[in-house]
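Participant: My structure is in upload34.csv, and what it holds is CSV, C-alpha atoms and all ligand atoms:
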chain,number,residue,atom,x,y,z
A,296,MET,CA,-47.1,11.5,47.6
A,297,SER,CA,-45.2,14.1,45.9
A,298,GLU,CA,-45.2,16.8,48.6
A,299,ASN,CA,-42.3,17.2,51.0
A,300,GLN,CA,-43.0,14.9,54.0
A,301,ASN,CA,-41.0,17.1,56.3
A,302,GLU,CA,-43.4,20.0,55.8
A,303,PRO,CA,-46.1,20.6,58.4
A,304,ARG,CA,-49.6,19.4,57.5
A,305,GLU,CA,-52.7,21.4,58.2
A,306,TYR,CA,-53.3,19.2,61.3
A,307,ASP,CA,-49.7,19.5,62.6
A,308,ALA,CA,-48.6,22.0,65.2
A,309,VAL,CA,-44.9,22.9,65.1
A,310,ARG,CA,-43.4,23.1,68.6
A,311,GLY,CA,-41.6,26.4,69.1
A,312,GLY,CA,-39.9,27.9,72.2
A,313,GLN,CA,-41.6,27.1,75.5
A,314,SER,CA,-45.1,27.3,74.2
A,315,SER,CA,-47.4,24.4,75.1
A,316,ILE,CA,-48.8,22.0,72.5
A,317,PRO,CA,-52.3,22.9,71.5
A,318,VAL,CA,-55.0,20.5,72.6
A,319,ASN,CA,-55.6,17.7,70.0
A,320,ALA,CA,-52.6,18.7,68.0
A,321,ALA,CA,-49.8,16.5,66.9
A,322,VAL,CA,-46.1,17.0,67.2
A,323,LEU,CA,-44.3,17.0,63.9
A,324,GLY,CA,-41.6,14.4,63.6
A,325,GLY,CA,-40.7,11.5,65.9
A,326,ILE,CA,-42.7,8.5,66.8
A,327,PRO,CA,-45.6,10.6,68.1
A,328,GLY,CA,-45.8,12.4,64.8
A,329,VAL,CA,-45.8,9.1,62.9
A,330,LYS,CA,-48.5,7.7,65.2
A,331,SER,CA,-50.6,10.8,64.7
A,332,ARG,CA,-50.4,10.5,61.0
A,333,LEU,CA,-51.2,6.8,61.1
A,334,ALA,CA,-54.5,7.8,62.7
A,335,SER,CA,-55.3,10.1,59.8
A,336,PRO,CA,-58.5,9.4,57.9
A,337,ILE,CA,-56.6,10.0,54.7
A,338,ILE,CA,-55.1,6.8,53.3
A,339,GLU,CA,-52.2,8.6,51.5
A,340,VAL,CA,-51.2,10.3,54.8
A,341,ARG,CA,-51.2,7.0,56.6
A,342,ILE,CA,-49.1,5.4,53.9
A,343,ALA,CA,-46.6,8.3,53.9
A,344,ALA,CA,-46.4,7.9,57.7
A,345,LEU,CA,-45.3,4.3,57.3
A,346,SER,CA,-42.4,5.3,55.1
A,347,GLU,CA,-41.4,7.8,57.9
A,348,ALA,CA,-41.7,5.1,60.5
A,349,LEU,CA,-38.7,3.3,58.9
A,350,LYS,CA,-36.4,6.0,60.3
A,351,TYR,CA,-37.3,5.1,63.9
A,352,GLY,CA,-35.7,1.6,64.3
A,353,GLU,CA,-37.6,-1.1,66.2
A,354,ALA,CA,-40.4,1.3,67.4
A,355,GLY,CA,-41.0,2.3,63.8
A,356,LEU,CA,-41.0,-1.3,62.6
A,357,ASP,CA,-43.6,-2.2,65.3
A,358,LEU,CA,-45.8,0.5,63.9
A,359,ILE,CA,-45.4,-0.9,60.4
A,360,ILE,CA,-46.2,-4.4,61.6
A,361,GLN,CA,-49.3,-3.0,63.4
A,362,ALA,CA,-50.4,-1.5,60.1
A,363,LEU,CA,-50.6,-5.0,58.6
A,364,HIS,CA,-53.5,-5.6,61.0
A,365,GLY,CA,-55.5,-2.5,59.7
A,366,GLU,CA,-58.7,-2.3,57.8
A,367,SER,CA,-57.5,-0.6,54.7
A,368,MET,CA,-56.0,-3.0,52.1
A,369,GLN,CA,-53.9,-0.1,50.6
A,370,VAL,CA,-52.3,0.7,54.0
A,371,LYS,CA,-51.7,-3.0,54.7
A,372,PHE,CA,-50.2,-3.5,51.3
A,373,ALA,CA,-47.9,-0.4,51.7
A,374,ALA,CA,-46.8,-2.0,55.0
A,375,TYR,CA,-46.2,-5.2,53.2
A,376,LEU,CA,-44.0,-3.6,50.6
A,377,LEU,CA,-41.9,-1.9,53.3
A,378,LEU,CA,-41.4,-5.2,55.2
A,379,LYS,CA,-41.3,-7.9,52.6
A,380,ASP,CA,-37.6,-8.0,52.0
A,381,ARG,CA,-36.7,-8.0,55.7
A,382,ASP,CA,-35.3,-11.4,56.7
A,383,ASP,CA,-37.0,-11.4,60.1
A,384,LEU,CA,-39.0,-14.4,61.4
A,385,LYS,CA,-41.2,-12.1,63.5
A,386,ILE,CA,-42.2,-10.2,60.4
A,387,LYS,CA,-42.7,-13.3,58.2
A,388,ALA,CA,-45.1,-14.7,60.9
A,389,GLN,CA,-47.1,-11.5,60.7
A,390,PHE,CA,-47.4,-11.8,56.9
A,391,GLN,CA,-48.9,-15.2,57.2
A,392,ASP,CA,-51.5,-14.0,59.7
A,393,TYR,CA,-52.4,-10.7,58.1
A,394,LEU,CA,-51.2,-10.7,54.5
A,395,PRO,CA,-50.9,-14.3,53.5
A,396,THR,CA,-48.5,-15.8,51.0
A,397,PHE,CA,-48.5,-19.2,49.4
A,398,GLU,CA,-45.6,-21.2,48.2
A,399,PHE,CA,-45.3,-23.1,44.9
A,400,ASP,CA,-42.8,-24.7,42.5
A,401,VAL,CA,-41.9,-22.9,39.3
A,402,ILE,CA,-41.2,-25.4,36.6
A,403,THR,CA,-39.5,-25.1,33.2
A,404,VAL,CA,-39.2,-27.7,30.4
A,405,ASP,CA,-36.9,-28.4,27.5
A,406,ALA,CA,-37.9,-28.4,23.8
A,407,GLN,CA,-39.2,-32.0,24.2
A,408,GLY,CA,-41.3,-31.0,27.3
A,409,LYS,CA,-39.1,-32.7,29.9
A,410,GLU,CA,-38.6,-30.8,33.1
A,411,ASN,CA,-35.2,-29.1,33.2
A,412,SER,CA,-35.6,-26.8,36.2
A,413,ARG,CA,-37.7,-26.4,39.3
A,414,ARG,CA,-37.4,-23.7,42.0
A,415,LYS,CA,-39.5,-22.7,45.0
A,416,SER,CA,-41.3,-19.3,44.9
A,417,SER,CA,-44.0,-17.6,46.8
A,418,ALA,CA,-46.6,-14.9,46.2
A,419,HIS,CA,-48.8,-12.7,48.3
A,420,TYR,CA,-52.6,-13.0,47.8
A,421,LEU,CA,-55.9,-11.7,49.1
A,422,ARG,CA,-58.7,-13.9,50.3
A,423,GLU,CA,-62.3,-12.8,49.5
A,424,ASP,CA,-64.9,-14.6,51.5
A,425,LEU,CA,-67.9,-15.3,49.3
A,426,GLY,CA,-69.9,-17.0,52.0
A,427,ASN,CA,-70.8,-20.7,52.7
A,428,GLY,CA,-67.1,-21.5,52.9
A,429,VAL,CA,-66.4,-20.3,49.3
A,430,VAL,CA,-63.3,-18.2,49.0
A,431,LEU,CA,-61.8,-16.3,46.1
A,432,GLU,CA,-58.0,-16.0,46.1
A,433,MET,CA,-56.5,-13.0,44.3
A,434,VAL,CA,-52.7,-13.0,43.6
A,435,TYR,CA,-50.6,-9.9,43.7
A,436,ILE,CA,-49.2,-9.1,40.3
A,437,PRO,CA,-46.4,-6.4,40.5
A,438,GLY,CA,-46.7,-3.8,37.8
A,439,GLY,CA,-44.1,-3.7,35.0
A,440,THR,CA,-43.2,-3.4,31.4
A,441,PHE,CA,-43.2,-6.2,28.8
A,442,MET,CA,-43.3,-7.0,25.1
A,443,MET,CA,-46.8,-7.9,24.2
A,444,GLY,CA,-47.5,-10.2,21.2
A,445,SER,CA,-45.3,-12.9,19.6
A,446,PRO,CA,-41.9,-12.4,18.0
A,447,ALA,CA,-41.7,-13.2,14.3
A,448,THR,CA,-39.5,-16.3,15.1
A,449,GLU,CA,-42.2,-18.0,17.1
A,450,SER,CA,-43.8,-21.1,15.5
A,451,GLY,CA,-47.5,-21.0,14.7
A,452,ILE,CA,-48.1,-17.3,15.1
A,453,TYR,CA,-51.1,-15.4,13.7
A,454,ASP,CA,-51.3,-11.9,12.3
A,455,SER,CA,-53.5,-11.0,15.3
A,456,GLU,CA,-50.5,-11.3,17.6
A,457,SER,CA,-48.6,-8.5,16.0
A,458,PRO,CA,-47.0,-6.0,15.9
A,459,GLN,CA,-45.2,-6.9,19.0
A,460,HIS,CA,-45.1,-3.8,21.2
A,461,GLN,CA,-44.1,-2.6,24.6
A,462,VAL,CA,-46.8,-2.2,27.3
A,463,THR,CA,-46.6,-1.0,30.8
A,464,VAL,CA,-49.1,-2.7,33.2
A,465,PRO,CA,-49.9,-1.2,36.6
A,466,THR,CA,-50.0,-3.4,39.8
A,467,LEU,CA,-53.1,-5.5,40.1
A,468,TYR,CA,-54.5,-8.6,41.7
A,469,ALA,CA,-55.5,-11.4,39.4
A,470,GLY,CA,-57.5,-14.5,40.2
A,471,LYS,CA,-55.3,-17.4,41.3
A,472,TYR,CA,-57.5,-19.7,39.1
A,473,PRO,CA,-60.3,-19.2,36.6
A,474,ILE,CA,-63.6,-18.5,38.4
A,475,THR,CA,-64.9,-21.9,39.7
A,476,GLN,CA,-68.4,-23.2,39.6
A,477,ALA,CA,-68.7,-22.8,43.4
A,478,GLN,CA,-67.6,-19.2,43.2
A,479,TYR,CA,-70.0,-18.5,40.3
A,480,GLU,CA,-72.9,-20.1,42.1
A,481,ALA,CA,-72.0,-18.2,45.4
A,482,VAL,CA,-72.3,-14.9,43.6
A,483,MET,CA,-74.9,-15.5,40.8
A,484,GLY,CA,-77.0,-18.2,42.4
A,485,ASN,CA,-76.8,-20.5,39.3
A,486,ASN,CA,-74.3,-22.6,37.4
A,487,PRO,CA,-74.5,-22.8,33.6
A,488,SER,CA,-71.5,-25.2,33.2
A,489,TYR,CA,-71.5,-28.3,31.0
A,490,PHE,CA,-68.9,-30.2,32.9
A,491,MET,CA,-70.2,-30.1,36.4
A,492,GLY,CA,-67.9,-29.9,39.5
A,493,GLU,CA,-67.6,-27.2,42.1
A,494,LYS,CA,-63.8,-26.9,41.8
A,495,ARG,CA,-63.9,-27.0,38.0
A,496,PRO,CA,-64.0,-23.7,36.1
A,497,VAL,CA,-67.3,-22.2,35.3
A,498,GLU,CA,-67.8,-22.4,31.5
A,499,SER,CA,-70.7,-21.8,29.0
A,500,VAL,CA,-70.7,-18.2,30.2
A,501,SER,CA,-71.0,-15.3,27.7
A,502,TRP,CA,-68.9,-12.2,28.0
A,503,HIS,CA,-72.0,-10.4,29.3
A,504,GLU,CA,-72.5,-13.0,32.0
A,505,ALA,CA,-68.8,-12.7,33.0
A,506,VAL,CA,-69.2,-8.9,33.3
A,507,ALA,CA,-72.4,-9.3,35.3
A,508,PHE,CA,-70.5,-11.6,37.7
A,509,CYS,CA,-67.9,-8.9,38.2
A,510,ARG,CA,-70.5,-6.3,38.9
A,511,LYS,CA,-72.3,-8.5,41.4
A,512,LEU,CA,-69.0,-9.4,43.1
A,513,SER,CA,-68.1,-5.8,43.3
A,514,GLU,CA,-71.5,-5.0,45.0
A,515,LYS,CA,-70.9,-7.8,47.4
A,516,THR,CA,-67.4,-6.9,48.4
A,517,GLY,CA,-67.2,-3.1,48.0
A,518,LYS,CA,-64.1,-3.5,45.7
A,519,ILE,CA,-64.0,-3.0,42.0
A,520,TYR,CA,-63.8,-6.4,40.4
A,521,ARG,CA,-63.6,-6.7,36.6
A,522,LEU,CA,-62.2,-8.8,33.8
A,523,LEU,CA,-58.5,-8.5,33.0
A,524,SER,CA,-57.6,-6.4,29.9
A,525,GLN,CA,-55.9,-8.6,27.3
A,526,ALA,CA,-52.7,-6.7,28.1
A,527,GLU,CA,-53.0,-7.5,31.8
A,528,TRP,CA,-53.8,-11.1,30.9
A,529,GLU,CA,-50.7,-11.6,28.7
A,530,TYR,CA,-48.5,-9.7,31.2
A,531,ALA,CA,-49.8,-11.9,34.0
A,532,CYS,CA,-49.5,-15.0,31.9
A,533,ARG,CA,-45.9,-14.4,30.8
A,534,ALA,CA,-44.8,-13.5,34.3
A,535,GLY,CA,-41.5,-12.3,33.0
A,536,THR,CA,-41.1,-15.1,30.5
A,537,THR,CA,-40.6,-14.5,26.7
A,538,THR,CA,-41.1,-18.1,25.5
A,539,PRO,CA,-44.4,-19.3,23.9
A,540,PHE,CA,-45.5,-20.7,27.2
A,541,TYR,CA,-44.5,-19.9,30.8
A,542,PHE,CA,-43.0,-23.4,31.1
A,543,GLY,CA,-40.7,-22.7,28.1
A,544,ASN,CA,-40.8,-23.6,24.4
A,545,THR,CA,-43.5,-26.2,24.7
A,546,ILE,CA,-46.0,-27.9,27.0
A,547,THR,CA,-47.2,-31.4,27.8
A,548,PRO,CA,-50.5,-32.7,29.2
A,549,ASP,CA,-48.7,-33.1,32.6
A,550,LEU,CA,-48.4,-29.3,32.7
A,551,VAL,CA,-51.5,-28.1,30.9
A,552,ASN,CA,-55.1,-29.3,30.1
A,553,TYR,CA,-55.2,-29.2,26.3
A,554,ASN,CA,-55.7,-31.6,23.3
A,555,GLY,CA,-52.5,-33.6,23.7
A,556,ASN,CA,-53.0,-35.2,20.2
A,557,TYR,CA,-51.7,-31.9,18.8
A,558,PRO,CA,-48.5,-31.0,20.6
A,559,TYR,CA,-46.3,-27.9,20.0
A,560,GLY,CA,-42.7,-27.9,18.9
A,561,ALA,CA,-40.7,-31.0,19.7
A,562,ALA,CA,-43.0,-32.3,22.4
A,563,PRO,CA,-44.5,-35.8,22.0
A,564,LYS,CA,-48.2,-36.5,21.6
A,565,GLY,CA,-50.1,-37.1,24.9
A,566,LEU,CA,-53.4,-37.3,26.7
A,567,ALA,CA,-56.4,-35.4,25.4
A,568,ARG,CA,-58.7,-35.3,28.4
A,569,GLY,CA,-61.8,-33.9,26.5
A,570,THR,CA,-63.1,-32.2,29.6
A,571,THR,CA,-62.3,-29.5,32.2
A,572,MET,CA,-60.3,-30.5,35.3
A,573,ASP,CA,-60.4,-29.1,38.9
A,574,VAL,CA,-58.6,-25.7,38.8
A,575,GLY,CA,-55.1,-25.8,40.2
A,576,SER,CA,-54.4,-29.4,39.0
A,577,PHE,CA,-51.2,-28.2,37.2
A,578,PRO,CA,-48.2,-26.2,38.2
A,579,PRO,CA,-48.6,-22.4,38.2
A,580,ASN,CA,-46.6,-19.7,36.5
A,581,PRO,CA,-43.8,-17.6,38.2
A,582,PHE,CA,-46.5,-15.2,39.5
A,583,GLY,CA,-48.4,-18.0,41.1
A,584,LEU,CA,-51.3,-18.0,38.6
A,585,TYR,CA,-52.8,-21.4,37.7
A,586,ASP,CA,-54.4,-22.6,34.4
A,587,MET,CA,-53.6,-19.6,32.3
A,588,HIS,CA,-52.6,-22.0,29.5
A,589,GLY,CA,-55.4,-24.3,28.5
A,590,GLU,CA,-58.3,-25.5,30.7
A,591,VAL,CA,-60.8,-22.8,29.6
A,592,TRP,CA,-60.4,-19.8,27.4
A,593,GLU,CA,-60.6,-16.7,29.5
A,594,TRP,CA,-62.8,-13.7,28.5
A,595,CYS,CA,-60.9,-10.4,28.6
A,596,SER,CA,-62.6,-7.0,28.7
A,597,ASP,CA,-61.3,-5.7,25.3
A,598,LYS,CA,-63.2,-5.4,22.1
A,599,TRP,CA,-61.8,-7.5,19.3
A,600,HIS,CA,-59.3,-6.0,16.8
A,601,ILE,CA,-57.6,-8.0,14.1
A,602,ASN,CA,-54.1,-6.9,15.2
A,603,TYR,CA,-52.4,-4.5,17.6
A,604,ASP,CA,-52.2,-1.5,15.3
A,605,GLY,CA,-53.3,1.4,17.6
A,606,ALA,CA,-53.6,-0.8,20.8
A,607,PRO,CA,-53.2,0.9,24.2
A,608,ILE,CA,-49.7,0.7,25.7
A,609,ASP,CA,-50.7,1.4,29.3
A,610,GLY,CA,-52.3,-1.9,30.1
A,611,SER,CA,-55.9,-0.6,29.8
A,612,SER,CA,-58.7,-2.3,28.0
A,613,TRP,CA,-59.1,-1.5,24.3
A,614,GLU,CA,-62.7,-0.2,24.2
A,615,THR,CA,-62.8,1.7,20.9
A,616,GLY,CA,-63.9,0.1,17.6
A,617,THR,CA,-67.1,-1.4,16.3
A,618,SER,CA,-66.7,-5.1,16.9
A,619,ASN,CA,-69.4,-6.9,18.8
A,620,CYS,CA,-66.8,-9.6,19.7
A,621,ARG,CA,-64.6,-9.7,22.8
A,622,VAL,CA,-61.2,-11.1,23.3
A,623,LEU,CA,-60.5,-14.6,24.7
A,624,ARG,CA,-57.0,-15.8,25.8
A,625,GLY,CA,-55.1,-18.9,26.8
A,626,GLY,CA,-56.7,-21.8,24.9
A,627,SER,CA,-58.6,-24.6,26.5
A,628,TRP,CA,-59.0,-28.4,27.1
A,629,TYR,CA,-60.4,-28.6,23.6
A,630,ASN,CA,-57.6,-26.9,21.8
A,631,TYR,CA,-54.3,-27.8,20.2
A,632,ALA,CA,-51.2,-26.7,22.1
A,633,VAL,CA,-50.5,-23.9,19.6
A,634,PHE,CA,-53.8,-22.2,20.7
A,635,CYS,CA,-52.7,-22.1,24.3
A,636,ARG,CA,-49.6,-19.9,23.7
A,637,ALA,CA,-49.3,-16.7,25.8
A,638,ALA,CA,-49.6,-14.5,22.7
A,639,ARG,CA,-52.5,-16.3,21.1
A,640,ARG,CA,-55.7,-14.3,20.8
A,641,ASP,CA,-59.2,-15.4,19.9
A,642,CYS,CA,-62.6,-13.8,20.0
A,643,LEU,CA,-66.3,-14.5,20.2
A,644,CYS,CA,-69.4,-12.4,20.1
A,645,ALA,CA,-70.1,-11.1,23.5
A,646,GLY,CA,-73.5,-12.8,23.8
A,647,HIS,CA,-72.2,-16.3,22.9
A,648,SER,CA,-70.9,-19.0,25.2
A,649,TYR,CA,-69.4,-22.4,24.9
A,650,ARG,CA,-68.2,-25.2,27.1
A,651,CYS,CA,-64.5,-24.3,26.6
A,652,ARG,CA,-64.9,-20.7,27.6
A,653,GLY,CA,-64.8,-19.2,31.1
A,654,PHE,CA,-63.1,-16.2,32.8
A,655,ARG,CA,-60.8,-14.9,35.5
A,656,VAL,CA,-61.2,-11.7,37.5
A,657,ALA,CA,-58.9,-8.8,38.5
A,658,VAL,CA,-59.1,-6.2,41.2
A,659,ALA,CA,-57.0,-3.1,41.3
A,660,LEU,CA,-55.3,-1.8,44.4
A,661,THR,CA,-54.0,1.8,44.3
A,662,VAL,CA,-50.5,1.8,45.6
A,663,PRO,CA,-48.6,5.1,45.6
A,664,SER,CA,-45.9,5.3,43.0
A,665,SER,CA,-43.3,5.9,45.7
A,666,LEU,CA,-43.9,2.4,47.0
A,667,SER,CA,-44.8,0.4,43.8
A,668,SER,CA,-41.2,0.1,42.8
A,669,LEU,CA,-40.1,-1.4,46.1
A,701,CA,CA,-56.9,-20.8,30.8
Can you turn what I pasted into structure tokens?
Facilitator:
Amino acid sequence: MSENQNEPREYDAVRGGQSSIPVNAAVLGGIPGVKSRLASPIIEVRIAALSEALKYGEAGLDLIIQALHGESMQVKFAAYLLLKDRDDLKIKAQFQDYLPTFEFDVITVDAQGKENSRRKSSAHYLREDLGNGVVLEMVYIPGGTFMMGSPATESGIYDSESPQHQVTVPTLYAGKYPITQAQYEAVMGNNPSYFMGEKRPVESVSWHEAVAFCRKLSEKTGKIYRLLSQAEWEYACRAGTTTPFYFGNTITPDLVNYNGNYPYGAAPKGLARGTTMDVGSFPPNPFGLYDMHGEVWEWCSDKWHINYDGAPIDGSSWETGTSNCRVLRGGSWYNYAVFCRAARRDCLCAGHSYRCRGFRVAVALTVPSSLSSL
């Protein structure tokens, strides 16, 4: 909120002299004032009140912790941003109950594909109940700025990955995995996949079918689910890395499901599985997203363009142009390693489908700019 938070709001009564407080009015300032604002029907007012609560020590912290239990995801998330860096076991336990996180290892490899670092990390995620025990997990992706496309020095690059350009992506949630067959069936009531398995990614879906899934999921949940834009996809895939893969300068079949007969860089040949695998079979990227490289190509929302001349720089989907094709990212079980690079782009007519193409979903969460940089 841009307005001065110390100014009275229309529902505040300023206490002056000996006059009594009007019935149903709030006192500006202090914990009572914060509590009153936290009861406001206006989400932005509630979020601003959380920031104010920080001024009031333990009592204020308790109010922020209580906000984690609320109904509004925006308010919960604002509370999370205010609390997340506090090293307090009481707070961390609350996160697990009301705003869950998951832990994972972030792995990097050397030029030959041998592991050369491993660190523990964690990410916050949302759980969407799709019924019958089927859950959709959406991982928090903090907004930021990155260089989209491949540098001229990268091996195996295509013209379609250039010019490299700076893009700013707003905060979003992205699917932890590509949409699985169980999730697709729970929403659409059918399963078009070639390689059957409820934990395997759904494939053989056209762009139109992927968009229809998002529409139906939105109706079911009341949130706006959609495909990722290609800018969001690449930003989420790179997760702060600038190498061809989030693992480093190459991949191996121990890290990614791709055609191991055709490795990248100095990595040795390896397994070509010739099929999809259960999602989450391989280590995730630094954001906690799985299977971005390989497994299935992922439909993005954008229309196809042969390069990035004129591309949006705000993370939005590129909707202008006349192409009937839509963008696919990340490569698949079928592809050589070079096709699985973070920068690599492919396309297919929106009505076509194939057994190496699936999708991942995104959901936006509006976070006030005053909090998004916390
Ligand atoms: Ca993928």
Participant: Using all atoms listed in the file, which residues have at least one atom no more than 8 Å from ligand CA 701 (chain A)? Output them as a VMD selection string.
Facilitator: chain A and resid 473 586 to 593 624 to 627 635 654
Participant: Write the residues of the preceding selection, restricted to C-alpha atoms, as a PDB file, in the frame of the given file.
Facilitator:
ATOM      1  CA  PRO A 473     -60.300 -19.200  36.600  1.00  0.00           C
ATOM      2  CA  ASP A 586     -54.400 -22.600  34.400  1.00  0.00           C
ATOM      3  CA  MET A 587     -53.600 -19.600  32.300  1.00  0.00           C
ATOM      4  CA  HIS A 588     -52.600 -22.000  29.500  1.00  0.00           C
ATOM      5  CA  GLY A 589     -55.400 -24.300  28.500  1.00  0.00           C
ATOM      6  CA  GLU A 590     -58.300 -25.500  30.700  1.00  0.00           C
ATOM      7  CA  VAL A 591     -60.800 -22.800  29.600  1.00  0.00           C
ATOM      8  CA  TRP A 592     -60.400 -19.800  27.400  1.00  0.00           C
ATOM      9  CA  GLU A 593     -60.600 -16.700  29.500  1.00  0.00           C
ATOM     10  CA  ARG A 624     -57.000 -15.800  25.800  1.00  0.00           C
ATOM     11  CA  GLY A 625     -55.100 -18.900  26.800  1.00  0.00           C
ATOM     12  CA  GLY A 626     -56.700 -21.800  24.900  1.00  0.00           C
ATOM     13  CA  SER A 627     -58.600 -24.600  26.500  1.00  0.00           C
ATOM     14  CA  CYS A 635     -52.700 -22.100  24.300  1.00  0.00           C
ATOM     15  CA  PHE A 654     -63.100 -16.200  32.800  1.00  0.00           C
TER      16      PHE A 654
END
Participant: For Met483 (chain A), find every residue with an atom within 9 Å (counting only C-alpha atoms), except residues of its own chain fewer than 5 positions away, and show them as a list in words.
Facilitator: Gln478, Ala507, Phe508, Lys511 and Leu512 of chain A
Participant: Please produce a file of the residues just selected, as a PDB file, in the frame of the given file, where the atoms kept are C-alpha atoms.
Facilitator:
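Written output follows (out-v9.pdb):
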ATOM      1  CA  GLN A 478     -67.600 -19.200  43.200  1.00  0.00           C
ATOM      2  CA  ALA A 507     -72.400  -9.300  35.300  1.00  0.00           C
ATOM      3  CA  PHE A 508     -70.500 -11.600  37.700  1.00  0.00           C
ATOM      4  CA  LYS A 511     -72.300  -8.500  41.400  1.00  0.00           C
ATOM      5  CA  LEU A 512     -69.000  -9.400  43.100  1.00  0.00           C
TER       6      LEU A 512
END
Participant: Would you kindly return, as an MDAnalysis selection string, each protein, DNA or RNA residue with an atom no farther than 7 Å from any atom of Ala632 (chain A), considering all atoms listed in the file and excluding same-chain residues fewer than 6 positions away?
Facilitator: chainID A and resid 553:554 557:559
Participant: Do you have the CA of Thr617 (chain A)-CA of Val506 (chain A) distance handy?
Facilitator: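 Going from CA of Thr617 (chain A) over to CA of Val506 (chain A), I get 18.7 Å.
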Participant: Using only C-alpha atoms, what residues lie at most 10 Å away from (-67.6, -12.6, 20.8) (file coordinates), given as a list in words?
Facilitator: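 Output of the proximity query reads Ser501, Trp502, His503, Trp594, Lys598, Trp599, Ser618, Asn619, Cys620, Arg621, Val622, Leu623, Asp641, Cys642, Leu643, Cys644, Ala645, Gly646, His647 and Ser648 of chain A.
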Participant: Within 10 Å of Thr440 (chain A), counting all atoms listed in the file, which residues qualify if same-chain residues fewer than 3 places away don't, as a PyMOL selection string?
Facilitator: chain A and resi 443+461-465+530+535+608-610
Participant: Would you mind telling me which residue in A:Tyr351, A:Tyr472, A:Tyr629, A:Phe399 lies nearest to Cys651 (chain A) when using only C-alpha atoms?
Facilitator: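 The shortest atom-to-atom distance to Cys651 (chain A) comes from A:Tyr629.
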Participant: Could you check how far CA of Ser445 (chain A) sits from CA of Tyr468 (chain A), in Å to one decimal?
Facilitator: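 One can read the CA of Ser445 (chain A) to CA of Tyr468 (chain A) distance as 24.3 Å.
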Participant: Nearest to Glu347 (chain A) among A:Met368, A:Gly325, A:Asn630, A:Leu584, with distances taken over only C-alpha atoms: which residue is it?
Facilitator: A:Gly325
Participant: Please identify all polymer residues within 7 Å of Ser416 (chain A), counting only C-alpha atoms, omitting same-chain residues fewer than 4 positions from it, and present them as a CSV table (one decimal) with C-alpha atoms, in the coordinates of the input.
Facilitator:
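Listing of result24.csv after writing:
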chain,number,residue,atom,x,y,z
A,398,GLU,CA,-45.6,-21.2,48.2
A,399,PHE,CA,-45.3,-23.1,44.9
A,400,ASP,CA,-42.8,-24.7,42.5
A,401,VAL,CA,-41.9,-22.9,39.3
Participant: Do a neighbour search on region 576-583 of chain A at 10 Å with all atoms listed in the file, toss out local chain neighbours closer than 6 positions, and write the hits as a ChimeraX atom specification.
Facilitator: /A:397-403,414-420,434-437,469-472,495,531-536,540-542,548-552,590
Participant: Now that the selection is made, can you save its residues with C-alpha atoms as a compact mmCIF listing (two decimals), keeping the file's coordinate frame?
Facilitator:
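That gives us again27.txt:
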# COMPACT_ATOMS: atom_id res chain seq x y z
CA PHE A 397 -48.50 -19.20 49.40
CA GLU A 398 -45.60 -21.20 48.20
CA PHE A 399 -45.30 -23.10 44.90
CA ASP A 400 -42.80 -24.70 42.50
CA VAL A 401 -41.90 -22.90 39.30
CA ILE A 402 -41.20 -25.40 36.60
CA THR A 403 -39.50 -25.10 33.20
CA ARG A 414 -37.40 -23.70 42.00
CA LYS A 415 -39.50 -22.70 45.00
CA SER A 416 -41.30 -19.30 44.90
CA SER A 417 -44.00 -17.60 46.80
CA ALA A 418 -46.60 -14.90 46.20
CA HIS A 419 -48.80 -12.70 48.30
CA TYR A 420 -52.60 -13.00 47.80
CA VAL A 434 -52.70 -13.00 43.60
CA TYR A 435 -50.60 -9.90 43.70
CA ILE A 436 -49.20 -9.10 40.30
CA PRO A 437 -46.40 -6.40 40.50
CA ALA A 469 -55.50 -11.40 39.40
CA GLY A 470 -57.50 -14.50 40.20
CA LYS A 471 -55.30 -17.40 41.30
CA TYR A 472 -57.50 -19.70 39.10
CA ARG A 495 -63.90 -27.00 38.00
CA ALA A 531 -49.80 -11.90 34.00
CA CYS A 532 -49.50 -15.00 31.90
CA ARG A 533 -45.90 -14.40 30.80
CA ALA A 534 -44.80 -13.50 34.30
CA GLY A 535 -41.50 -12.30 33.00
CA THR A 536 -41.10 -15.10 30.50
CA PHE A 540 -45.50 -20.70 27.20
CA TYR A 541 -44.50 -19.90 30.80
CA PHE A 542 -43.00 -23.40 31.10
CA PRO A 548 -50.50 -32.70 29.20
CA ASP A 549 -48.70 -33.10 32.60
CA LEU A 550 -48.40 -29.30 32.70
CA VAL A 551 -51.50 -28.10 30.90
CA ASN A 552 -55.10 -29.30 30.10
CA GLU A 590 -58.30 -25.50 30.70
Participant: Which one is closest to Gly324 (chain A): A:Ile338, A:Ala567, A:Ala344, A:Leu431? Count only C-alpha atoms.
Facilitator: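 Ranking A:Ile338, A:Ala567, A:Ala344, A:Leu431 by distance to Gly324 (chain A), first place goes to A:Ala344.
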Participant: Go ahead and compute the interatomic distance for CA of Lys518 (chain A) and CA of Ala659 (chain A), in Å to one decimal.
Facilitator: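 CA of Lys518 (chain A) sits 8.4 Å away from CA of Ala659 (chain A).
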Participant: Would you be able to write out as a list in words which residues have an atom within 12 Å of (-47.1, -12.0, 16.6) in the file's coordinates, counting only C-alpha atoms?
Facilitator: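 Counting only C-alpha atoms, I find these residues within 12 Å of (-47.1, -12.0, 16.6): Met442, Met443, Gly444, Ser445, Pro446, Ala447, Thr448, Glu449, Ser450, Gly451, Ile452, Tyr453, Asp454, Ser455, Glu456, Ser457, Pro458, Gln459, His460, Pro539, Ile601, Asn602, Tyr603, Asp604, Arg636, Ala637, Ala638, Arg639 and Arg640 of chain A.
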Participant: Ranking A:Thr396, A:Gln361, A:Ser488, A:Ser331 by minimum distance to Arg650 (chain A) and counting all atoms listed in the file, which one comes first?
Facilitator: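 Nearest candidate to Arg650 (chain A) out of A:Thr396, A:Gln361, A:Ser488, A:Ser331: A:Ser488.
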